[in-house]
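*Asks:* I am attaching a structure below and will ask some questions about it afterwards.
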Amino acid sequence: MKSIIVTGASQGIGKATAVAFLEAGWRVGVLARSEEKLQAIADDYVNAVPLVADVTDAAAMESAFARFVARAERLDALFNNAGMFGPAGSIDEIDLGGFDQVLDVNVRGMFIAAKLAYAQMRRQVPQGGRIINNGSLSAHVPREGSVCYTLTKHAVTGLTRTLSLDGRPYDIACGQIDIGNAETDMVAGLNAALVADGKAPNATMDVQDAARSVLHMAEMPLNANVQFMTVMATKMPYIGRG
(Lines give C-alpha, C1' and ligand atoms only; values in the text may rest on other atoms or scores of the structure.)
Protein backbone atom coordinates (compact mmCIF):
# COMPACT_ATOMS: atom_id res chain seq x y z
CA MET A 1 0.00 0.00 0.00
CA LYS A 2 1.45 3.37 -1.00
CA SER A 3 1.68 6.00 1.69
CA ILE A 4 1.26 9.76 1.85
CA ILE A 5 1.09 12.46 4.50
CA VAL A 6 -1.33 15.32 3.82
CA THR A 7 -0.88 18.45 5.91
CA GLY A 8 -3.83 20.71 6.58
CA ALA A 9 -5.99 17.62 6.16
CA SER A 10 -8.86 18.59 8.44
CA GLN A 11 -10.68 20.81 5.94
CA GLY A 12 -10.76 22.32 2.47
CA ILE A 13 -8.38 21.13 -0.24
CA GLY A 14 -6.40 19.07 2.27
CA LYS A 15 -9.39 17.05 3.43
CA ALA A 16 -10.72 16.54 -0.10
CA THR A 17 -7.29 15.36 -1.24
CA ALA A 18 -6.83 13.05 1.74
CA VAL A 19 -10.18 11.42 1.00
CA ALA A 20 -9.31 11.02 -2.69
CA PHE A 21 -6.12 9.17 -1.74
CA LEU A 22 -7.92 7.07 0.86
CA GLU A 23 -10.51 6.00 -1.68
CA ALA A 24 -7.71 5.19 -4.14
CA GLY A 25 -6.28 2.73 -1.60
CA TRP A 26 -3.38 4.72 -0.17
CA ARG A 27 -2.43 4.78 3.50
CA VAL A 28 -2.86 8.42 4.42
CA GLY A 29 -1.43 10.32 7.35
CA VAL A 30 -3.97 13.08 7.90
CA LEU A 31 -2.12 15.86 9.68
CA ALA A 32 -3.63 18.98 11.24
CA ARG A 33 -4.25 20.60 14.62
CA SER A 34 -7.85 19.41 15.07
CA GLU A 35 -7.88 15.96 16.65
CA GLU A 36 -11.67 15.75 16.43
CA LYS A 37 -11.78 16.41 12.69
CA LEU A 38 -8.93 14.00 11.97
CA GLN A 39 -10.54 11.27 14.04
CA ALA A 40 -13.77 11.70 12.08
CA ILE A 41 -11.83 10.91 8.89
CA ALA A 42 -10.15 7.92 10.55
CA ASP A 43 -13.56 6.63 11.69
CA ASP A 44 -14.62 6.43 8.05
CA TYR A 45 -11.40 5.00 6.59
CA VAL A 46 -9.29 2.25 8.15
CA ASN A 47 -6.27 3.33 6.07
CA ALA A 48 -6.28 6.85 7.59
CA VAL A 49 -3.73 7.63 10.30
CA PRO A 50 -4.58 10.76 12.35
CA LEU A 51 -1.52 12.91 13.10
CA VAL A 52 -2.25 15.82 15.40
CA ALA A 53 0.41 18.51 14.99
CA ASP A 54 0.92 22.19 14.22
CA VAL A 55 3.05 22.48 11.07
CA THR A 56 5.07 25.29 12.65
CA ASP A 57 6.09 23.09 15.62
CA ALA A 58 9.22 21.27 14.46
CA ALA A 59 9.29 18.79 17.35
CA ALA A 60 5.60 17.89 16.99
CA MET A 61 6.02 17.44 13.25
CA GLU A 62 9.06 15.19 13.67
CA SER A 63 7.09 13.04 16.10
CA ALA A 64 4.10 12.86 13.74
CA PHE A 65 6.23 11.81 10.77
CA ALA A 66 8.00 9.17 12.88
CA ARG A 67 4.67 7.72 14.04
CA PHE A 68 3.40 7.50 10.50
CA VAL A 69 6.52 5.89 9.09
CA ALA A 70 6.49 3.36 11.94
CA ARG A 71 3.00 2.39 10.80
CA ALA A 72 3.44 2.63 7.02
CA GLU A 73 7.12 1.53 6.92
CA ARG A 74 7.97 4.16 4.26
CA LEU A 75 6.77 7.49 2.91
CA ASP A 76 5.95 7.60 -0.78
CA ALA A 77 4.56 11.11 -0.96
CA LEU A 78 3.85 14.33 0.89
CA PHE A 79 1.11 16.78 -0.03
CA ASN A 80 2.53 19.93 1.56
CA ASN A 81 -0.76 21.74 1.78
CA ALA A 82 -1.28 23.54 5.10
CA GLY A 83 -1.55 27.28 4.66
CA MET A 84 -3.52 30.41 5.49
CA PHE A 85 -4.52 33.61 3.72
CA GLY A 86 -3.95 35.96 6.63
CA PRO A 87 -4.71 39.68 6.84
CA ALA A 88 -5.87 41.44 3.69
CA GLY A 89 -5.12 45.02 2.70
CA SER A 90 -2.38 47.22 1.30
CA ILE A 91 1.06 46.71 2.81
CA ASP A 92 0.88 49.85 4.96
CA GLU A 93 -2.28 48.48 6.62
CA ILE A 94 -0.80 45.10 7.56
CA ASP A 95 0.15 44.45 11.17
CA LEU A 96 3.54 42.78 11.41
CA GLY A 97 2.14 40.17 13.78
CA GLY A 98 -0.35 39.10 11.12
CA PHE A 99 2.38 38.96 8.51
CA ASP A 100 4.59 36.88 10.80
CA GLN A 101 1.78 34.36 11.30
CA VAL A 102 1.28 33.88 7.55
CA LEU A 103 5.03 33.57 7.03
CA ASP A 104 5.26 31.05 9.86
CA VAL A 105 2.55 28.76 8.47
CA ASN A 106 3.02 29.15 4.72
CA VAL A 107 6.82 29.15 4.59
CA ARG A 108 8.25 27.78 7.84
CA GLY A 109 5.53 25.12 8.08
CA MET A 110 6.06 23.99 4.50
CA PHE A 111 9.82 23.99 4.99
CA ILE A 112 9.53 21.77 8.09
CA ALA A 113 7.22 19.27 6.38
CA ALA A 114 9.39 19.14 3.24
CA LYS A 115 12.56 18.73 5.31
CA LEU A 116 11.12 15.75 7.20
CA ALA A 117 9.71 14.12 4.06
CA TYR A 118 12.94 14.63 2.12
CA ALA A 119 15.02 13.10 4.92
CA GLN A 120 12.77 10.04 5.13
CA MET A 121 12.70 9.55 1.36
CA ARG A 122 16.47 9.88 1.15
CA ARG A 123 17.20 7.27 3.82
CA GLN A 124 14.51 4.68 3.07
CA VAL A 125 15.15 1.62 0.93
CA PRO A 126 14.46 1.88 -1.91
CA GLN A 127 15.19 5.59 -1.92
CA GLY A 128 12.80 8.12 -3.32
CA GLY A 129 9.37 9.65 -3.13
CA ARG A 130 7.40 12.67 -4.21
CA ILE A 131 6.77 16.03 -2.56
CA ILE A 132 3.83 18.05 -3.89
CA ASN A 133 3.64 21.63 -2.66
CA ASN A 134 0.36 23.53 -2.71
CA GLY A 135 1.08 26.87 -4.33
CA SER A 136 -1.68 29.08 -5.70
CA LEU A 137 -2.45 31.22 -8.69
CA SER A 138 -1.04 33.87 -6.37
CA ALA A 139 2.35 32.29 -7.07
CA HIS A 140 1.89 33.78 -10.57
CA VAL A 141 -0.31 36.85 -10.15
CA PRO A 142 -1.80 38.46 -7.03
CA ARG A 143 -5.33 39.24 -6.04
CA GLU A 144 -5.90 42.71 -4.61
CA GLY A 145 -4.84 43.18 -1.00
CA SER A 146 -3.03 39.85 -0.77
CA VAL A 147 0.54 40.94 -0.09
CA CYS A 148 1.16 38.48 2.77
CA TYR A 149 -0.31 35.46 1.00
CA THR A 150 1.19 36.28 -2.40
CA LEU A 151 4.69 36.81 -0.99
CA THR A 152 4.63 33.42 0.73
CA LYS A 153 3.30 31.60 -2.32
CA HIS A 154 6.19 32.93 -4.41
CA ALA A 155 8.46 31.50 -1.72
CA VAL A 156 6.76 28.11 -2.16
CA THR A 157 7.71 28.19 -5.84
CA GLY A 158 11.35 28.69 -4.82
CA LEU A 159 11.07 25.70 -2.50
CA THR A 160 9.61 23.58 -5.29
CA ARG A 161 12.30 24.46 -7.81
CA THR A 162 15.13 23.82 -5.35
CA LEU A 163 13.81 20.48 -4.09
CA SER A 164 13.17 19.35 -7.65
CA LEU A 165 16.83 19.97 -8.42
CA ASP A 166 18.39 18.74 -5.17
CA GLY A 167 16.22 15.61 -5.02
CA ARG A 168 17.35 14.15 -8.33
CA PRO A 169 20.25 12.05 -6.97
CA TYR A 170 17.88 10.39 -4.49
CA ASP A 171 14.86 9.83 -6.77
CA ILE A 172 12.92 12.49 -4.91
CA ALA A 173 10.57 14.29 -7.29
CA CYS A 174 9.04 17.62 -6.35
CA GLY A 175 6.11 19.34 -8.00
CA GLN A 176 3.67 22.14 -7.27
CA ILE A 177 -0.04 22.52 -7.87
CA ASP A 178 -1.33 26.06 -8.28
CA ILE A 179 -5.06 26.11 -7.65
CA GLY A 180 -7.42 28.90 -8.57
CA ASN A 181 -10.50 29.08 -6.40
CA ALA A 182 -11.58 25.61 -5.47
CA GLU A 183 -14.76 25.77 -3.39
CA THR A 184 -13.51 25.90 0.20
CA ASP A 185 -14.38 27.89 3.31
CA MET A 186 -11.37 30.17 2.70
CA VAL A 187 -12.50 31.02 -0.83
CA ALA A 188 -16.09 31.49 0.35
CA GLY A 189 -14.81 34.06 2.83
CA LEU A 190 -12.80 35.89 0.16
CA ASN A 191 -15.79 35.97 -2.17
CA ALA A 192 -18.01 37.25 0.61
CA ALA A 193 -15.56 40.10 1.16
CA LEU A 194 -15.68 40.96 -2.56
CA VAL A 195 -19.47 41.04 -2.54
CA ALA A 196 -19.49 43.19 0.61
CA ASP A 197 -17.19 45.61 -1.24
CA GLY A 198 -19.59 45.80 -4.16
CA LYS A 199 -17.51 43.59 -6.43
CA ALA A 200 -18.39 40.41 -8.30
CA PRO A 201 -17.21 37.18 -6.67
CA ASN A 202 -14.58 35.06 -8.38
CA ALA A 203 -15.71 31.95 -10.23
CA THR A 204 -15.02 28.70 -8.39
CA MET A 205 -14.63 25.02 -9.19
CA ASP A 206 -15.39 21.82 -7.29
CA VAL A 207 -12.67 21.09 -4.73
CA GLN A 208 -12.75 17.45 -5.89
CA ASP A 209 -11.20 18.54 -9.20
CA ALA A 210 -8.20 19.89 -7.31
CA ALA A 211 -7.97 16.72 -5.23
CA ARG A 212 -8.01 14.48 -8.31
CA SER A 213 -5.23 16.58 -9.82
CA VAL A 214 -2.99 16.00 -6.80
CA LEU A 215 -3.73 12.27 -6.97
CA HIS A 216 -2.76 12.24 -10.66
CA MET A 217 0.57 13.91 -9.84
CA ALA A 218 1.29 11.46 -7.03
CA GLU A 219 0.46 8.33 -9.02
CA MET A 220 3.02 9.02 -11.75
CA PRO A 221 6.19 6.90 -11.69
CA LEU A 222 9.21 8.59 -10.16
CA ASN A 223 10.92 8.87 -13.53
CA ALA A 224 8.19 11.35 -14.53
CA ASN A 225 7.23 14.56 -12.77
CA VAL A 226 4.57 17.21 -13.13
CA GLN A 227 6.74 20.03 -11.82
CA PHE A 228 4.00 22.67 -12.08
CA MET A 229 0.29 22.20 -12.63
CA THR A 230 -2.27 25.00 -12.73
CA VAL A 231 -5.89 24.05 -12.06
CA MET A 232 -8.39 26.89 -12.05
CA ALA A 233 -12.04 27.68 -12.48
CA THR A 234 -12.59 28.18 -16.22
CA LYS A 235 -14.29 31.55 -15.82
CA MET A 236 -11.87 32.90 -13.25
CA PRO A 237 -9.85 35.92 -14.42
CA TYR A 238 -6.16 34.99 -14.51
CA ILE A 239 -4.48 38.40 -14.73
CA GLY A 240 -4.77 40.34 -11.51
CA ARG A 241 -6.50 37.63 -9.56
CA GLY A 242 -4.89 34.69 -7.73
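Just so we're on the same page: first chain in the C-alpha coordinates is A, next is B, and so on; residues restart at 1 for each chain, and ligands are numbered from 1 in the order they show up.
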Write out as CSV a residue-level contact list of region 70-112 of chain A versus region 143-153 of chain A with cut-off 9 Å: for each qualifying residue the closest pair of atoms and the distance in Å to one decimal, counting only C-alpha atoms, rows sorted by chain and residue number upward.
*Replies:*
```
residue,atom,partner,partner_atom,distance
A:Met84,CA,A:Tyr149,CA,7.5
A:Phe85,CA,A:Tyr149,CA,5.3
A:Gly86,CA,A:Tyr149,CA,6.7
A:Pro87,CA,A:Cys148,CA,7.2
A:Ala88,CA,A:Gly145,CA,5.1
A:Gly89,CA,A:Gly145,CA,4.1
A:Ser90,CA,A:Gly145,CA,5.3
A:Ile91,CA,A:Val147,CA,6.5
A:Ile94,CA,A:Cys148,CA,8.4
A:Gly98,CA,A:Cys148,CA,8.5
A:Phe99,CA,A:Cys148,CA,5.9
A:Asp100,CA,A:Cys148,CA,8.9
A:Val102,CA,A:Cys148,CA,6.6
A:Leu103,CA,A:Thr152,CA,6.3
A:Asn106,CA,A:Thr152,CA,6.1
A:Val107,CA,A:Thr152,CA,6.2
```
*Asks:* Give me the residues within 8 Å of region 159-171 of chain A as a list in words, counting only C-alpha atoms and dropping any in the same chain fewer than 4 places off.
*Replies:*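 So the residues in contact are Phe111, Tyr118, Met121, Arg122, Gln127, Gly128, Gly129, Asn133, Ala155, Gly175, Gln176, Leu222, Asn223 and Gln227 of chain A.
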*Asks:* Go through A:Ala20, A:Thr230, A:Val55, A:Val207 one by one, measure the shortest atom-to-atom distance of each to Met186 (chain A) using only C-alpha atoms, and give the residue with the smallest value.
*Replies:*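 For Met186 (chain A), the nearest of the given residues is A:Val207.
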*Asks:* Can you list, as an NGL selection string, all residues belonging to chain A that DSSP tags as strand (DSSP E or B)?
*Replies:* :A and (3-7 or 27-32 or 48-52 or 77-80 or 89 or 129-134 or 146 or 172-180 or 182 or 205 or 228-232)
*Asks:* For Pro221 (chain A), work out the shell of residues within 12 Å, counting only C-alpha atoms and skipping chain neighbours fewer than 4 positions away, then give it as a PDB file with N, CA, C and O atoms, in the first residue's frame.
*Replies:*
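Full text of around.pdb as output:
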```pdb
ATOM      1  N   ASP A  76       5.874   7.470   0.671  1.00  0.00           N
ATOM      2  CA  ASP A  76       5.948   7.597  -0.780  1.00  0.00           C
ATOM      3  C   ASP A  76       5.680   9.013  -1.261  1.00  0.00           C
ATOM      4  O   ASP A  76       6.174   9.411  -2.321  1.00  0.00           O
ATOM      5  N   ALA A  77       4.897   9.763  -0.495  1.00  0.00           N
ATOM      6  CA  ALA A  77       4.557  11.108  -0.959  1.00  0.00           C
ATOM      7  C   ALA A  77       4.174  12.002   0.208  1.00  0.00           C
ATOM      8  O   ALA A  77       3.757  11.540   1.274  1.00  0.00           O
ATOM      9  N   GLY A 128      13.661   7.360  -2.418  1.00  0.00           N
ATOM     10  CA  GLY A 128      12.796   8.122  -3.317  1.00  0.00           C
ATOM     11  C   GLY A 128      11.413   8.384  -2.787  1.00  0.00           C
ATOM     12  O   GLY A 128      10.980   7.817  -1.776  1.00  0.00           O
ATOM     13  N   GLY A 129      10.724   9.263  -3.477  1.00  0.00           N
ATOM     14  CA  GLY A 129       9.371   9.648  -3.128  1.00  0.00           C
ATOM     15  C   GLY A 129       9.022  10.930  -3.853  1.00  0.00           C
ATOM     16  O   GLY A 129       9.773  11.418  -4.694  1.00  0.00           O
ATOM     17  N   ARG A 130       7.867  11.479  -3.513  1.00  0.00           N
ATOM     18  CA  ARG A 130       7.398  12.673  -4.211  1.00  0.00           C
ATOM     19  C   ARG A 130       6.849  13.683  -3.213  1.00  0.00           C
ATOM     20  O   ARG A 130       6.067  13.331  -2.324  1.00  0.00           O
ATOM     21  N   ASP A 171      16.169  10.176  -6.214  1.00  0.00           N
ATOM     22  CA  ASP A 171      14.861   9.828  -6.771  1.00  0.00           C
ATOM     23  C   ASP A 171      13.722  10.489  -6.005  1.00  0.00           C
ATOM     24  O   ASP A 171      12.642   9.906  -5.833  1.00  0.00           O
ATOM     25  N   ILE A 172      13.972  11.707  -5.545  1.00  0.00           N
ATOM     26  CA  ILE A 172      12.920  12.491  -4.906  1.00  0.00           C
ATOM     27  C   ILE A 172      12.427  13.518  -5.916  1.00  0.00           C
ATOM     28  O   ILE A 172      13.173  14.406  -6.334  1.00  0.00           O
ATOM     29  N   ALA A 173      11.181  13.358  -6.346  1.00  0.00           N
ATOM     30  CA  ALA A 173      10.569  14.289  -7.290  1.00  0.00           C
ATOM     31  C   ALA A 173       9.779  15.337  -6.509  1.00  0.00           C
ATOM     32  O   ALA A 173       9.170  15.031  -5.487  1.00  0.00           O
ATOM     33  N   HIS A 216      -3.405  12.528  -9.367  1.00  0.00           N
ATOM     34  CA  HIS A 216      -2.759  12.244 -10.657  1.00  0.00           C
ATOM     35  C   HIS A 216      -1.254  12.487 -10.575  1.00  0.00           C
ATOM     36  O   HIS A 216      -0.450  11.663 -11.040  1.00  0.00           O
ATOM     37  N   MET A 217      -0.857  13.597  -9.976  1.00  0.00           N
ATOM     38  CA  MET A 217       0.573  13.906  -9.844  1.00  0.00           C
ATOM     39  C   MET A 217       1.286  12.843  -9.029  1.00  0.00           C
ATOM     40  O   MET A 217       2.390  12.411  -9.367  1.00  0.00           O
ATOM     41  N   ASN A 225       7.614  13.581 -13.774  1.00  0.00           N
ATOM     42  CA  ASN A 225       7.234  14.562 -12.766  1.00  0.00           C
ATOM     43  C   ASN A 225       6.431  15.693 -13.390  1.00  0.00           C
ATOM     44  O   ASN A 225       6.848  16.281 -14.379  1.00  0.00           O
ATOM     45  N   VAL A 226       5.284  15.981 -12.802  1.00  0.00           N
ATOM     46  CA  VAL A 226       4.569  17.211 -13.128  1.00  0.00           C
ATOM     47  C   VAL A 226       5.156  18.273 -12.201  1.00  0.00           C
ATOM     48  O   VAL A 226       4.795  18.357 -11.035  1.00  0.00           O
TER      49      VAL A 226
END
```
*Asks:* By how many Å are CA of Leu31 (chain A) and CA of Cys174 (chain A) apart?
*Replies:*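 Taking CA of Leu31 (chain A) as the start and CA of Cys174 (chain A) as the end point, the length is 19.6 Å.
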*Asks:* Could you find all residues in region 13-236 of chain A that DSSP calls helix (DSSP H, G or I) from the backbone, and write them as a PyMOL selection string?
*Replies:* chain A and resi 13-23+35-44+58-72+91-93+96-123+137-139+147-166+168-170+185-196+207-218
*Asks:* Env of Asp206 (chain A): 10 Å cut, atoms = only C-alpha atoms, seq-sep filter 6 positions within chain, self excluded. Answer as a PyMOL selection string.
*Replies:* chain A and resi 13+181-184+232-233
